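Notes follow once the structure below has been shown.
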Amino acid sequence: LRTAVEIRLADALFYDEQYIEAAVEYENFRRLHPKNSKAPYALYMYGLSNFKQAEKLDTDQTPVRNAVNIFESFLKEYPDSALAKEVREKLAECRTRQAANEIYVGRFYFRTDRYAAAIGRFREAVEKYPGAPVNDEALFLLGSSYLRTGKTDLAKDALNRLVKEYPKSAFSDQAKKLLAGIS
């Protein structure tokens, strides 16, 4: 009975969008009742509570990094759980959000003509989060940044990769135009 009340309290906090408090309660539940049948659920919701703390790209992304670690732990500990599919989906969302945050910061550097810093962010998005759906933009801006720094071979590589990996992207047509202008 006590464990059911503890989970309901955490759930109430979560559904009231008090994600920090909910995360604490889910974590406490897991620490106090590691063998309870609700432990996998508590771990999933602990990760989700962290994920929900950083809804915007212009905020600290530490909660998203925490969610990644929690979801990865979940999949190691409970690979056959009924929640595993949902956890994999949330983990993919976290990685997409992390890539999007790198691009968000990179765009700032790009707009302010700080191309070396922009290149670092765009490369990070592409290398650390491969397959993220937002990487078409990262590749386009990476290629554009290389062009602006005179690194045409690297620009060609990034732009050709964009055209090959994301042929239906709006950035693909722009990349083709840039490639046509590179001698």
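Note on naming: chains are A, B, ... as they come in the structure tokens, residues start from 1 per chain, ligands start from 1 in the order shown.
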What lies within 10 Å of range 8-19 of chain A using only C-alpha atoms, ignoring chain neighbours under 4 positions off, as an mmCIF file with N, CA, C and O atoms, in the first residue's frame?
```cif
data_model
loop_
_atom_site.group_PDB
_atom_site.id
_atom_site.type_symbol
_atom_site.label_atom_id
_atom_site.label_comp_id
_atom_site.auth_asym_id
_atom_site.auth_seq_id
_atom_site.Cartn_x
_atom_site.Cartn_y
_atom_site.Cartn_z
ATOM 1 N N ARG A 2 1.919 1.243 0.843
ATOM 2 C CA ARG A 2 2.799 2.413 0.937
ATOM 3 C C ARG A 2 3.484 2.697 -0.404
ATOM 4 O O ARG A 2 3.588 3.849 -0.826
ATOM 5 N N THR A 3 3.933 1.639 -1.068
ATOM 6 C CA THR A 3 4.617 1.846 -2.352
ATOM 7 C C THR A 3 3.660 2.411 -3.392
ATOM 8 O O THR A 3 4.050 3.252 -4.199
ATOM 9 N N ALA A 4 2.400 1.966 -3.374
ATOM 10 C CA ALA A 4 1.405 2.483 -4.318
ATOM 11 C C ALA A 4 1.186 3.985 -4.085
ATOM 12 O O ALA A 4 1.060 4.760 -5.042
ATOM 13 N N ALA A 23 10.796 13.920 -10.318
ATOM 14 C CA ALA A 23 12.048 13.167 -10.522
ATOM 15 C C ALA A 23 12.611 12.696 -9.189
ATOM 16 O O ALA A 23 13.042 11.545 -9.057
ATOM 17 N N VAL A 24 12.581 13.567 -8.193
ATOM 18 C CA VAL A 24 13.081 13.205 -6.855
ATOM 19 C C VAL A 24 12.270 12.040 -6.295
ATOM 20 O O VAL A 24 12.833 11.076 -5.750
ATOM 21 N N GLU A 25 10.949 12.102 -6.431
ATOM 22 C CA GLU A 25 10.101 11.032 -5.881
ATOM 23 C C GLU A 25 10.305 9.704 -6.609
ATOM 24 O O GLU A 25 10.354 8.644 -5.971
ATOM 25 N N TYR A 26 10.420 9.742 -7.935
ATOM 26 C CA TYR A 26 10.661 8.496 -8.679
ATOM 27 C C TYR A 26 12.018 7.907 -8.319
ATOM 28 O O TYR A 26 12.162 6.696 -8.153
ATOM 29 N N GLU A 27 13.021 8.775 -8.205
ATOM 30 C CA GLU A 27 14.357 8.298 -7.830
ATOM 31 C C GLU A 27 14.341 7.693 -6.429
ATOM 32 O O GLU A 27 14.925 6.628 -6.191
ATOM 33 N N ASN A 28 13.656 8.351 -5.493
ATOM 34 C CA ASN A 28 13.547 7.816 -4.132
ATOM 35 C C ASN A 28 12.854 6.457 -4.127
ATOM 36 O O ASN A 28 13.271 5.545 -3.417
ATOM 37 N N PHE A 29 11.807 6.337 -4.915
ATOM 38 C CA PHE A 29 11.088 5.060 -4.991
ATOM 39 C C PHE A 29 12.035 3.947 -5.429
ATOM 40 O O PHE A 29 12.078 2.882 -4.835
ATOM 41 N N ALA A 42 9.098 3.376 -12.454
ATOM 42 C CA ALA A 42 9.667 4.527 -11.740
ATOM 43 C C ALA A 42 10.929 5.030 -12.446
ATOM 44 O O ALA A 42 11.133 6.239 -12.564
ATOM 45 N N MET A 45 9.827 6.859 -15.636
ATOM 46 C CA MET A 45 9.236 8.157 -15.312
ATOM 47 C C MET A 45 10.281 9.129 -14.748
ATOM 48 O O MET A 45 10.179 10.338 -14.951
ATOM 49 N N TYR A 46 11.294 8.595 -14.090
ATOM 50 C CA TYR A 46 12.407 9.424 -13.613
ATOM 51 C C TYR A 46 13.115 10.035 -14.828
ATOM 52 O O TYR A 46 13.386 11.240 -14.859
ATOM 53 N N LEU A 48 11.787 10.428 -17.839
ATOM 54 C CA LEU A 48 10.821 11.316 -18.487
ATOM 55 C C LEU A 48 10.699 12.645 -17.740
ATOM 56 O O LEU A 48 10.585 13.709 -18.358
ATOM 57 N N SER A 49 10.771 12.592 -16.421
ATOM 58 C CA SER A 49 10.721 13.819 -15.617
ATOM 59 C C SER A 49 11.920 14.714 -15.925
ATOM 60 O O SER A 49 11.789 15.938 -15.985
ATOM 61 N N ASN A 50 13.071 14.111 -16.126
ATOM 62 C CA ASN A 50 14.254 14.885 -16.514
ATOM 63 C C ASN A 50 14.078 15.461 -17.914
ATOM 64 O O ASN A 50 14.350 16.639 -18.150
ATOM 65 N N PHE A 51 13.628 14.626 -18.828
ATOM 66 C CA PHE A 51 13.416 15.044 -20.217
ATOM 67 C C PHE A 51 12.499 16.269 -20.286
ATOM 68 O O PHE A 51 12.756 17.219 -21.012
ATOM 69 N N LYS A 52 11.434 16.254 -19.503
ATOM 70 C CA LYS A 52 10.435 17.326 -19.534
ATOM 71 C C LYS A 52 10.949 18.637 -18.928
ATOM 72 O O LYS A 52 10.363 19.680 -19.149
ATOM 73 N N GLN A 53 12.056 18.579 -18.191
ATOM 74 C CA GLN A 53 12.590 19.787 -17.563
ATOM 75 C C GLN A 53 13.257 20.729 -18.554
ATOM 76 O O GLN A 53 13.452 21.903 -18.249
ATOM 77 N N ALA A 54 13.620 20.234 -19.721
ATOM 78 C CA ALA A 54 14.322 21.072 -20.709
ATOM 79 C C ALA A 54 13.558 21.051 -22.019
ATOM 80 O O ALA A 54 14.013 20.516 -23.015
#
```
Item to complete: Pick out the residues sitting within 12 Å of Gly181 in chain A, and hand them over as a PyMOL selection string; count only C-alpha atoms, and ignore anything fewer than 3 positions along from it in its own chain.
Response: chain A and resi 144+147+152+155-156+159+174-178
Could you take the residues named above and write them with C-alpha atoms, as an mmCIF file, in the first residue's frame?
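Written output follows (result-v9.cif):
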```
data_model
loop_
_atom_site.group_PDB
_atom_site.id
_atom_site.type_symbol
_atom_site.label_atom_id
_atom_site.label_comp_id
_atom_site.auth_asym_id
_atom_site.auth_seq_id
_atom_site.Cartn_x
_atom_site.Cartn_y
_atom_site.Cartn_z
ATOM 1 C CA SER A 144 28.436 26.912 -45.464
ATOM 2 C CA LEU A 147 32.985 27.786 -47.420
ATOM 3 C CA THR A 152 36.269 24.218 -49.938
ATOM 4 C CA ALA A 155 32.589 22.232 -47.586
ATOM 5 C CA LYS A 156 32.117 19.910 -50.564
ATOM 6 C CA LEU A 159 27.304 19.437 -48.754
ATOM 7 C CA GLN A 174 20.387 24.876 -51.401
ATOM 8 C CA ALA A 175 23.399 22.594 -51.020
ATOM 9 C CA LYS A 176 23.290 21.721 -54.723
ATOM 10 C CA LYS A 177 23.351 25.433 -55.584
ATOM 11 C CA LEU A 178 26.359 26.002 -53.335
#
```
10 Å contact set for Phe108 in chain A, only C-alpha atoms, chain neighbours under 5 positions out, as a PDB file with all heavy atoms, in the first residue's frame:
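What follows is the written file selection_17.pdb:
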```pdb
ATOM      1  N   ILE A 103      22.927  22.622 -32.906  1.00  0.00           N
ATOM      2  CA  ILE A 103      22.647  23.429 -34.096  1.00  0.00           C
ATOM      3  C   ILE A 103      22.182  24.825 -33.688  1.00  0.00           C
ATOM      4  O   ILE A 103      22.598  25.828 -34.276  1.00  0.00           O
ATOM      5  CB  ILE A 103      21.606  22.730 -35.000  1.00  0.00           C
ATOM      6  CG1 ILE A 103      22.193  21.420 -35.543  1.00  0.00           C
ATOM      7  CG2 ILE A 103      21.171  23.638 -36.143  1.00  0.00           C
ATOM      8  CD1 ILE A 103      21.164  20.484 -36.144  1.00  0.00           C
ATOM      9  N   ASP A 113      29.403  35.499 -37.333  1.00  0.00           N
ATOM     10  CA  ASP A 113      30.650  35.314 -38.086  1.00  0.00           C
ATOM     11  C   ASP A 113      31.750  34.622 -37.280  1.00  0.00           C
ATOM     12  O   ASP A 113      32.931  34.823 -37.545  1.00  0.00           O
ATOM     13  CB  ASP A 113      31.173  36.662 -38.620  1.00  0.00           C
ATOM     14  CG  ASP A 113      30.174  37.346 -39.537  1.00  0.00           C
ATOM     15  OD1 ASP A 113      29.367  36.631 -40.173  1.00  0.00           O
ATOM     16  OD2 ASP A 113      30.183  38.585 -39.610  1.00  0.00           O
ATOM     17  N   ARG A 114      31.383  33.809 -36.326  1.00  0.00           N
ATOM     18  CA  ARG A 114      32.364  33.035 -35.556  1.00  0.00           C
ATOM     19  C   ARG A 114      32.318  31.603 -36.081  1.00  0.00           C
ATOM     20  O   ARG A 114      31.801  30.694 -35.439  1.00  0.00           O
ATOM     21  CB  ARG A 114      32.045  33.150 -34.074  1.00  0.00           C
ATOM     22  CG  ARG A 114      32.271  34.613 -33.617  1.00  0.00           C
ATOM     23  CD  ARG A 114      31.660  34.976 -32.301  1.00  0.00           C
ATOM     24  NE  ARG A 114      32.126  34.184 -31.191  1.00  0.00           N
ATOM     25  CZ  ARG A 114      31.463  34.117 -30.037  1.00  0.00           C
ATOM     26  NH1 ARG A 114      30.347  34.800 -29.878  1.00  0.00           N
ATOM     27  NH2 ARG A 114      31.912  33.376 -29.055  1.00  0.00           N
ATOM     28  N   TYR A 115      32.876  31.449 -37.270  1.00  0.00           N
ATOM     29  CA  TYR A 115      32.724  30.204 -38.020  1.00  0.00           C
ATOM     30  C   TYR A 115      33.445  29.017 -37.393  1.00  0.00           C
ATOM     31  O   TYR A 115      32.948  27.894 -37.465  1.00  0.00           O
ATOM     32  CB  TYR A 115      33.141  30.406 -39.479  1.00  0.00           C
ATOM     33  CG  TYR A 115      32.304  31.462 -40.142  1.00  0.00           C
ATOM     34  CD1 TYR A 115      32.864  32.663 -40.561  1.00  0.00           C
ATOM     35  CD2 TYR A 115      30.936  31.283 -40.305  1.00  0.00           C
ATOM     36  CE1 TYR A 115      32.080  33.653 -41.148  1.00  0.00           C
ATOM     37  CE2 TYR A 115      30.145  32.265 -40.886  1.00  0.00           C
ATOM     38  CZ  TYR A 115      30.732  33.449 -41.301  1.00  0.00           C
ATOM     39  OH  TYR A 115      29.944  34.418 -41.863  1.00  0.00           O
ATOM     40  N   ALA A 117      33.836  28.366 -34.227  1.00  0.00           N
ATOM     41  CA  ALA A 117      32.956  27.876 -33.160  1.00  0.00           C
ATOM     42  C   ALA A 117      31.716  27.205 -33.752  1.00  0.00           C
ATOM     43  O   ALA A 117      31.266  26.163 -33.259  1.00  0.00           O
ATOM     44  CB  ALA A 117      32.552  29.023 -32.239  1.00  0.00           C
ATOM     45  N   ALA A 118      31.187  27.791 -34.831  1.00  0.00           N
ATOM     46  CA  ALA A 118      30.013  27.205 -35.487  1.00  0.00           C
ATOM     47  C   ALA A 118      30.350  25.819 -36.028  1.00  0.00           C
ATOM     48  O   ALA A 118      29.578  24.864 -35.848  1.00  0.00           O
ATOM     49  CB  ALA A 118      29.535  28.117 -36.615  1.00  0.00           C
TER      50      ALA A 118
END
```
Worksheet item: Any idea what's packed within 10 Å of range 76-79 of chain A, counting only C-alpha atoms, ignoring anything in its chain fewer than 6 positions away? Could you give it as a count of residues only?
Response: 6
Item to complete: Write out as a VMD selection string the residues lying within 9 Å of Ser169 in chain A, counting only C-alpha atoms and excluding same-chain residues fewer than 5 positions away.
Response: chain A and resid 136 to 137 162 to 163
Worksheet item: So which bits of range 45-158 of chain A end up alpha helix (DSSP H) when you DSSP the backbone, as a PyMOL selection string?
Response: chain A and resi 45-52+62-77+84-111+115-128+135-148+152-158
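Residues in contact with Leu139 in chain A at 9 Å, where only C-alpha atoms are counted and same-chain residues fewer than 4 positions away are skipped, are listed as Phe122, Arg123, Ala125, Val126, Asn135, Gly143, Ser144, Ala158, Leu159, Arg161, Leu162 and Phe171 of chain A.
CA of Phe71 in chain A lies 14.4 Å from CA of Gln98 in chain A.
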Worksheet, complete the sentence: Correct to one decimal, the distance CA of Asn36 in chain A-CA of Glu89 in chain A is 24.3 Å
Worksheet entry | Within 8 Å of Leu57 in chain A using only C-alpha atoms, minus same-chain residues under 3 positions, as a list in words | Ala54, Asp60, Gln61, Arg97, Ala100, Asn101 and Tyr104 of chain A
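Here CA of Ile119 in chain A is placed at a distance of 20.1 Å from CA of Lys164 in chain A.
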